[in-house]
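S.K.: You'll find entry_8.pdb just under this line, and it carries PDB, C-alpha atoms.
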ATOM      1  CA  GLN A   1     -15.212 -32.611  -7.162
ATOM      2  CA  VAL A   2     -13.089 -30.895  -4.526
ATOM      3  CA  GLN A   3     -14.480 -27.652  -3.147
ATOM      4  CA  LEU A   4     -12.270 -24.900  -1.784
ATOM      5  CA  VAL A   5     -14.003 -21.983  -0.046
ATOM      6  CA  GLU A   6     -11.900 -18.999   0.987
ATOM      7  CA  SER A   7     -13.161 -16.350   3.406
ATOM      8  CA  GLY A   8     -12.011 -13.652   5.783
ATOM      9  CA  GLY A   9     -10.815 -10.989   3.386
ATOM     10  CA  GLY A  10     -11.734  -7.342   3.560
ATOM     11  CA  LEU A  11     -10.521  -3.772   3.676
ATOM     12  CA  VAL A  12      -7.875  -3.011   6.270
ATOM     13  CA  GLN A  13      -5.519  -0.134   6.951
ATOM     14  CA  PRO A  14      -1.769  -0.542   6.615
ATOM     15  CA  GLY A  15      -0.402  -2.211   9.722
ATOM     16  CA  GLY A  16      -3.653  -4.020  10.349
ATOM     17  CA  SER A  17      -4.403  -7.738  10.522
ATOM     18  CA  LEU A  18      -6.710 -10.251   8.901
ATOM     19  CA  ARG A  19      -7.226 -13.972   9.274
ATOM     20  CA  LEU A  20      -8.149 -15.905   6.167
ATOM     21  CA  SER A  21      -9.789 -19.328   6.210
ATOM     22  CA  CYS A  22     -10.038 -21.969   3.526
ATOM     23  CA  ALA A  23     -12.547 -24.728   4.085
ATOM     24  CA  THR A  24     -12.117 -27.770   1.877
ATOM     25  CA  SER A  25     -14.067 -30.868   0.989
ATOM     26  CA  VAL A  26     -10.870 -32.854   0.494
ATOM     27  CA  PHE A  27     -11.436 -36.291   1.986
ATOM     28  CA  THR A  28      -7.716 -36.869   2.444
ATOM     29  CA  PHE A  29      -7.002 -33.310   3.599
ATOM     30  CA  SER A  30      -4.500 -34.340   6.271
ATOM     31  CA  TYR A  31      -2.334 -36.039   3.630
ATOM     32  CA  ASN A  32      -2.052 -32.954   1.434
ATOM     33  CA  PRO A  33       0.323 -30.008   1.726
ATOM     34  CA  MET A  34      -1.710 -26.834   1.350
ATOM     35  CA  THR A  35      -0.703 -23.444  -0.009
ATOM     36  CA  TRP A  36      -2.096 -19.945   0.017
ATOM     37  CA  TYR A  37      -1.632 -18.070  -3.247
ATOM     38  CA  ARG A  38      -2.456 -14.498  -4.214
ATOM     39  CA  GLN A  39      -3.134 -12.789  -7.479
ATOM     40  CA  THR A  40      -3.436  -9.205  -8.665
ATOM     41  CA  PRO A  41      -5.032  -8.162 -11.961
ATOM     42  CA  GLY A  42      -2.899  -8.946 -14.978
ATOM     43  CA  LYS A  43      -0.383 -10.989 -13.016
ATOM     44  CA  GLU A  44       0.171 -14.667 -12.370
ATOM     45  CA  ARG A  45      -0.832 -16.338  -9.146
ATOM     46  CA  ASP A  46       2.036 -16.204  -6.624
ATOM     47  CA  LEU A  47       2.768 -18.590  -3.795
ATOM     48  CA  VAL A  48       2.444 -16.946  -0.371
ATOM     49  CA  ALA A  49       2.780 -19.727   2.200
ATOM     50  CA  THR A  50       2.680 -23.512   2.463
ATOM     51  CA  VAL A  51       1.928 -25.851   5.339
ATOM     52  CA  PHE A  52       3.155 -29.400   4.886
ATOM     53  CA  VAL A  53       1.658 -32.632   6.158
ATOM     54  CA  ASN A  54       4.059 -32.686   9.099
ATOM     55  CA  GLY A  55       3.189 -29.113  10.048
ATOM     56  CA  ASN A  56       6.331 -27.527   8.667
ATOM     57  CA  THR A  57       5.808 -24.238   6.894
ATOM     58  CA  LYS A  58       7.352 -22.221   4.106
ATOM     59  CA  TYR A  59       6.843 -18.548   3.221
ATOM     60  CA  SER A  60       7.650 -16.221   0.391
ATOM     61  CA  ASP A  61      10.256 -13.635   1.313
ATOM     62  CA  SER A  62       7.695 -10.843   0.982
ATOM     63  CA  VAL A  63       5.519 -12.145   3.837
ATOM     64  CA  LYS A  64       8.039 -13.915   6.060
ATOM     65  CA  GLY A  65       7.744 -12.710   9.642
ATOM     66  CA  ARG A  66       4.320 -11.154   9.056
ATOM     67  CA  PHE A  67       2.106 -14.037   7.929
ATOM     68  CA  THR A  68       1.482 -17.382   9.634
ATOM     69  CA  ILE A  69      -0.077 -20.379   7.912
ATOM     70  CA  SER A  70      -1.691 -23.174   9.899
ATOM     71  CA  ARG A  71      -4.059 -26.069   9.415
ATOM     72  CA  ASP A  72      -6.779 -27.855  11.340
ATOM     73  CA  ASN A  73      -7.049 -31.377   9.966
ATOM     74  CA  ALA A  74     -10.165 -32.100  12.020
ATOM     75  CA  LYS A  75     -11.942 -29.256  10.229
ATOM     76  CA  ASN A  76     -10.329 -29.735   6.805
ATOM     77  CA  THR A  77      -9.374 -26.064   6.991
ATOM     78  CA  VAL A  78      -6.231 -24.056   6.389
ATOM     79  CA  TYR A  79      -5.699 -20.559   7.805
ATOM     80  CA  LEU A  80      -3.545 -17.564   7.032
ATOM     81  CA  GLN A  81      -2.960 -15.040   9.808
ATOM     82  CA  MET A  82      -1.754 -11.821   8.246
ATOM     83  CA  ASN A  83      -0.232  -9.139  10.440
ATOM     84  CA  ASN A  84       1.388  -5.794   9.679
ATOM     85  CA  LEU A  85      -0.358  -5.700   6.338
ATOM     86  CA  LYS A  86       1.058  -3.499   3.592
ATOM     87  CA  PRO A  87      -0.581  -1.995   0.492
ATOM     88  CA  GLU A  88       1.413  -4.426  -1.654
ATOM     89  CA  ASP A  89      -0.422  -7.311   0.046
ATOM     90  CA  THR A  90      -3.584  -6.218  -1.768
ATOM     91  CA  ALA A  91      -4.732  -9.156  -3.897
ATOM     92  CA  VAL A  92      -7.242 -11.950  -4.209
ATOM     93  CA  TYR A  93      -6.108 -14.819  -2.007
ATOM     94  CA  TYR A  94      -6.691 -18.478  -2.906
ATOM     95  CA  CYS A  95      -5.831 -21.782  -1.314
ATOM     96  CA  ASN A  96      -5.077 -25.075  -3.004
ATOM     97  CA  ARG A  97      -2.943 -28.132  -2.731
ATOM     98  CA  ASP A  98       0.766 -27.472  -3.001
ATOM     99  CA  GLY A  99       2.659 -28.740  -6.027
ATOM    100  CA  ASN A 100      -0.277 -30.402  -7.779
ATOM    101  CA  PRO A 101      -3.258 -28.064  -7.379
ATOM    102  CA  PHE A 102      -6.771 -29.397  -7.544
ATOM    103  CA  PRO A 103      -8.323 -28.378 -10.866
ATOM    104  CA  SER A 104     -11.275 -26.560  -9.281
ATOM    105  CA  TRP A 105     -10.059 -23.365  -7.634
ATOM    106  CA  GLY A 106     -12.261 -21.502  -5.189
ATOM    107  CA  GLN A 107     -13.577 -18.000  -5.728
ATOM    108  CA  GLY A 108     -10.845 -16.488  -3.598
ATOM    109  CA  THR A 109     -11.160 -13.751  -1.000
ATOM    110  CA  GLN A 110     -10.247 -10.132  -1.681
ATOM    111  CA  VAL A 111      -7.788  -8.429   0.626
ATOM    112  CA  THR A 112      -7.406  -4.681   0.228
ATOM    113  CA  VAL A 113      -4.862  -2.766   2.276
ATOM    114  CA  SER A 114      -5.424   0.942   2.033
ATOM    115  CA  SER A 115      -5.703   4.021   4.185
TER
END
Using the file provided, produce a representation of the structure as structure tokens.
M.R.:
Amino acid sequence: QVQLVESGGGLVQPGGSLRLSCATSVFTFSYNPMTWYRQTPGKERDLVATVFVNGNTKYSDSVKGRFTISRDNAKNTVYLQMNNLKPEDTAVYYCNRDGNPFPSWGQGTQVTVSS
């Protein structure tokens, strides 16, 4: 069973930065596009950013220019650098495979942006 372990969340003031990590046990990690998602209570999980196998990236309009997704295939890990954070970025952040998510989601990491 694939394990996805998100970390790096916390409480930060508006304008601050955080770096999220997602460590995976995916044996074929380098062959999978990976996505960060976020979810707030009562709402569906939204796509935030995707890094493809070739290193290309895609972002939601709400985070474009502020967030950067990257991957380290040697460590089976995907990262999300979040800068200029806003209160509306407050959510639980998850990672998973893009397009065809693994059935076992991680516990997520809480990001709270507040003064």
S.K.: When the PyMOL selection byres ((chain A and resi 60) around 7) is applied to the structure above, which residues does it catch, written out as a list in words?
M.R.: Leu47, Val48, Ala49, Tyr59, Asp61, Ser62, Val63 and Lys64 of chain A
S.K.: Can you turn the PyMOL selection byres ((chain A and resi 105) around 10) into a concrete residue list for this file, as number ranges by chain?
M.R.: A: 2-6, 94-97, 101-104, 106-108
S.K.: Hey, which bits of stretch 47-70 of chain A sit within 10 Å of stretch 24-41 of chain A, and for each residue what's the closest pair of atoms and how far apart in Å (one decimal), counting all atoms listed in the file, rows by chain and increasing number, as a Markdown table?
M.R.:
| residue | atom | partner | partner_atom | distance |
| --- | --- | --- | --- | --- |
| A:Leu47 | CA | A:Tyr37 | CA | 4.5 |
| A:Val48 | CA | A:Tyr37 | CA | 5.1 |
| A:Ala49 | CA | A:Trp36 | CA | 5.3 |
| A:Thr50 | CA | A:Thr35 | CA | 4.2 |
| A:Val51 | CA | A:Met34 | CA | 5.5 |
| A:Phe52 | CA | A:Pro33 | CA | 4.3 |
| A:Val53 | CA | A:Pro33 | CA | 5.3 |
| A:Asn54 | CA | A:Pro33 | CA | 8.7 |
| A:Gly55 | CA | A:Pro33 | CA | 8.8 |
| A:Asn56 | CA | A:Pro33 | CA | 9.5 |
| A:Thr57 | CA | A:Pro33 | CA | 9.5 |
| A:Lys58 | CA | A:Thr35 | CA | 9.1 |
| A:Tyr59 | CA | A:Thr35 | CA | 9.6 |
| A:Ile69 | CA | A:Trp36 | CA | 8.2 |
| A:Ser70 | CA | A:Met34 | CA | 9.3 |
S.K.: Using all atoms listed in the file, I'd like a table of the residues in stretch 57-94 of chain A that come within 8 Å of stretch 10-18 of chain A; for each, show the closest atom pair and its distance in Å rounded to one decimal, ordered by chain and ascending number, as a Markdown table.
M.R.:
| residue | atom | partner | partner_atom | distance |
| --- | --- | --- | --- | --- |
| A:Gln81 | CA | A:Leu18 | CA | 6.1 |
| A:Met82 | CA | A:Leu18 | CA | 5.2 |
| A:Asn83 | CA | A:Ser17 | CA | 4.4 |
| A:Asn84 | CA | A:Gly15 | CA | 4.0 |
| A:Leu85 | CA | A:Gly15 | CA | 4.9 |
| A:Lys86 | CA | A:Pro14 | CA | 5.1 |
| A:Pro87 | CA | A:Pro14 | CA | 6.4 |
S.K.: Would you mind reading off the distance between atom CA of A:Gly8 and atom CA of A:Arg71, one decimal, in Å?
M.R.: 15.2 Å
S.K.: Atom CA of A:Leu20 and atom CA of A:Gly99, how far apart in Å?
M.R.: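 Separating atom CA of A:Gly99 from atom CA of A:Leu20 is a distance of 20.7 Å.
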S.K.: Between A:Ser114, A:Asp89, A:Phe67, A:Thr109, single out the one closest to A:Asp46, counting all atoms listed in the file.
M.R.: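 Going through A:Ser114, A:Asp89, A:Phe67, A:Thr109 one by one, the smallest distance to A:Asp46 is for A:Asp89.
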S.K.: Specify the axis-aligned box that encloses all atoms of stretch 61-73 of chain A listed in the file after padding of 3 Å on each side, stating its centre and edge lengths in Å to one decimal as JSON.
M.R.:
{"center_x": 1.6, "center_y": -21.1, "center_z": 6.2, "size_x": 23.3, "size_y": 26.5, "size_z": 16.4}
S.K.: Provide the atom CA of A:Glu88 to atom CA of A:Glu44 distance in Å, to one decimal place.
M.R.: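 Computing the Euclidean distance for atom CA of A:Glu88 and atom CA of A:Glu44 yields 14.9 Å.
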